[in-house]
Amino acid sequence: MAAKKETPKKYLIEVAGNPNYCDTGAGGVQFAYGKAEIMEGRMVEWYREHEGYKVTEITEAAQA
């Protein structure tokens, strides 16, 4: 029997204090109106480690 593939986690990155930010952030992450969605990986940790960003995992319940 084949192993079930795990779906990569998604994260919402928000720019604290600038909800109108529209530009490219660190690692080439594209922000629109202060928000960006990225997949799991090093950039999630980078945004967690730096002030001015809020990182939230996007769960299936949140998408429904």
# chains A, B, ... in the order shown; residues from 1 in each chain; ligands from 1
$ residues_around --residues "Thr7 (chain A)" --least-positions-apart "2" --cutoff "12 Å" --atoms "only C-alpha atoms" --output "PyMOL selection string"
chain A and resi 4-5+9-10+39-40+59-60
$ write_last_selection --atoms "N, CA and C atoms" --output "PDB file, in the first residue's frame"
ATOM      1  N   LYS A   4       0.529   7.745   2.234  1.00  0.00           N
ATOM      2  CA  LYS A   4      -0.239   8.955   1.931  1.00  0.00           C
ATOM      3  C   LYS A   4       0.700  10.157   1.912  1.00  0.00           C
ATOM      4  N   LYS A   5       0.636  10.931   0.831  1.00  0.00           N
ATOM      5  CA  LYS A   5       1.472  12.128   0.744  1.00  0.00           C
ATOM      6  C   LYS A   5       0.881  13.226   1.609  1.00  0.00           C
ATOM      7  N   LYS A   9       2.224  22.607   4.260  1.00  0.00           N
ATOM      8  CA  LYS A   9       1.481  23.593   5.038  1.00  0.00           C
ATOM      9  C   LYS A   9       1.582  24.958   4.361  1.00  0.00           C
ATOM     10  N   LYS A  10       0.524  25.748   4.528  1.00  0.00           N
ATOM     11  CA  LYS A  10       0.495  27.118   4.015  1.00  0.00           C
ATOM     12  C   LYS A  10       0.484  28.078   5.195  1.00  0.00           C
ATOM     13  N   MET A  39       4.239  28.802   1.244  1.00  0.00           N
ATOM     14  CA  MET A  39       4.279  27.407   1.651  1.00  0.00           C
ATOM     15  C   MET A  39       5.336  27.248   2.733  1.00  0.00           C
ATOM     16  N   GLU A  40       5.263  26.139   3.453  1.00  0.00           N
ATOM     17  CA  GLU A  40       6.237  25.888   4.518  1.00  0.00           C
ATOM     18  C   GLU A  40       7.657  25.914   3.964  1.00  0.00           C
ATOM     19  N   THR A  59      -5.101  26.673   8.125  1.00  0.00           N
ATOM     20  CA  THR A  59      -5.606  25.317   8.306  1.00  0.00           C
ATOM     21  C   THR A  59      -6.816  25.088   7.407  1.00  0.00           C
ATOM     22  N   GLU A  60      -7.179  23.832   7.237  1.00  0.00           N
ATOM     23  CA  GLU A  60      -8.348  23.508   6.423  1.00  0.00           C
ATOM     24  C   GLU A  60      -9.597  24.159   6.993  1.00  0.00           C
TER      25      GLU A  60
END
$ select_by_dssp --residues "chain A" --states "helix (DSSP H, G or I)" --output "list in words"
Ala26, Gly27, Gly28, Arg42, Met43, Val44, Glu45, Trp46, Tyr47, Arg48, Glu49, Glu60, Ala61, Ala62 and Gln63 of chain A
$ write_last_selection --atoms "C-alpha atoms" --output "PDB file, in the first residue's frame"
ATOM      1  CA  ALA A  26      12.362  39.094   1.777  1.00  0.00           C
ATOM      2  CA  GLY A  27      12.901  35.925  -0.244  1.00  0.00           C
ATOM      3  CA  GLY A  28      10.785  37.232  -3.113  1.00  0.00           C
ATOM      4  CA  ARG A  42      12.816  28.586   5.425  1.00  0.00           C
ATOM      5  CA  MET A  43      10.960  31.831   4.658  1.00  0.00           C
ATOM      6  CA  VAL A  44       8.294  31.011   7.257  1.00  0.00           C
ATOM      7  CA  GLU A  45      11.022  30.911   9.885  1.00  0.00           C
ATOM      8  CA  TRP A  46      12.624  34.088   8.538  1.00  0.00           C
ATOM      9  CA  TYR A  47       9.375  36.039   8.952  1.00  0.00           C
ATOM     10  CA  ARG A  48       8.838  34.556  12.438  1.00  0.00           C
ATOM     11  CA  GLU A  49      12.341  35.649  13.476  1.00  0.00           C
ATOM     12  CA  GLU A  60      -8.348  23.508   6.423  1.00  0.00           C
ATOM     13  CA  ALA A  61     -10.876  24.822   8.950  1.00  0.00           C
ATOM     14  CA  ALA A  62      -9.771  28.401   8.228  1.00  0.00           C
ATOM     15  CA  GLN A  63     -10.163  27.875   4.479  1.00  0.00           C
TER      16      GLN A  63
END
$ closest_residue --among "A:Ile38, A:Tyr11, A:Glu6, A:Pro19" --to "Gly52 (chain A)" --atoms "only C-alpha atoms"
A:Pro19
$ atom_distance --atom1 "CA of Lys54 (chain A)" --atom2 "CA of Asn18 (chain A)"
11.6 Å
$ atom_distance --atom1 "CA of Ile13 (chain A)" --atom2 "CA of Glu37 (chain A)"
6.2 Å
$ residues_around --residues "Phe31 (chain A)" --least-positions-apart "4" --cutoff "10 Å" --atoms "only C-alpha atoms" --output "list of chain:residue names"
A:Ile13, A:Glu14, A:Val15, A:Pro19, A:Asn20, A:Tyr21, A:Cys22, A:Asp23, A:Thr24, A:Gly25, A:Lys35, A:Ala36, A:Glu37
$ select_by_dssp --residues "chain A" --states "strand (DSSP E or B)" --output "list in words"
Lys10, Tyr11, Leu12, Ile13, Glu14, Val15, Asp23, Thr24, Gln30, Phe31, Ala32, Lys35, Ala36, Glu37, Ile38, Met39, Tyr53, Lys54, Val55, Thr56, Glu57 and Ile58 of chain A
$ closest_residue --among "A:Tyr53, A:Gly41, A:Val29, A:Ile58" --to "Ala16 (chain A)" --atoms "only C-alpha atoms"
A:Tyr53
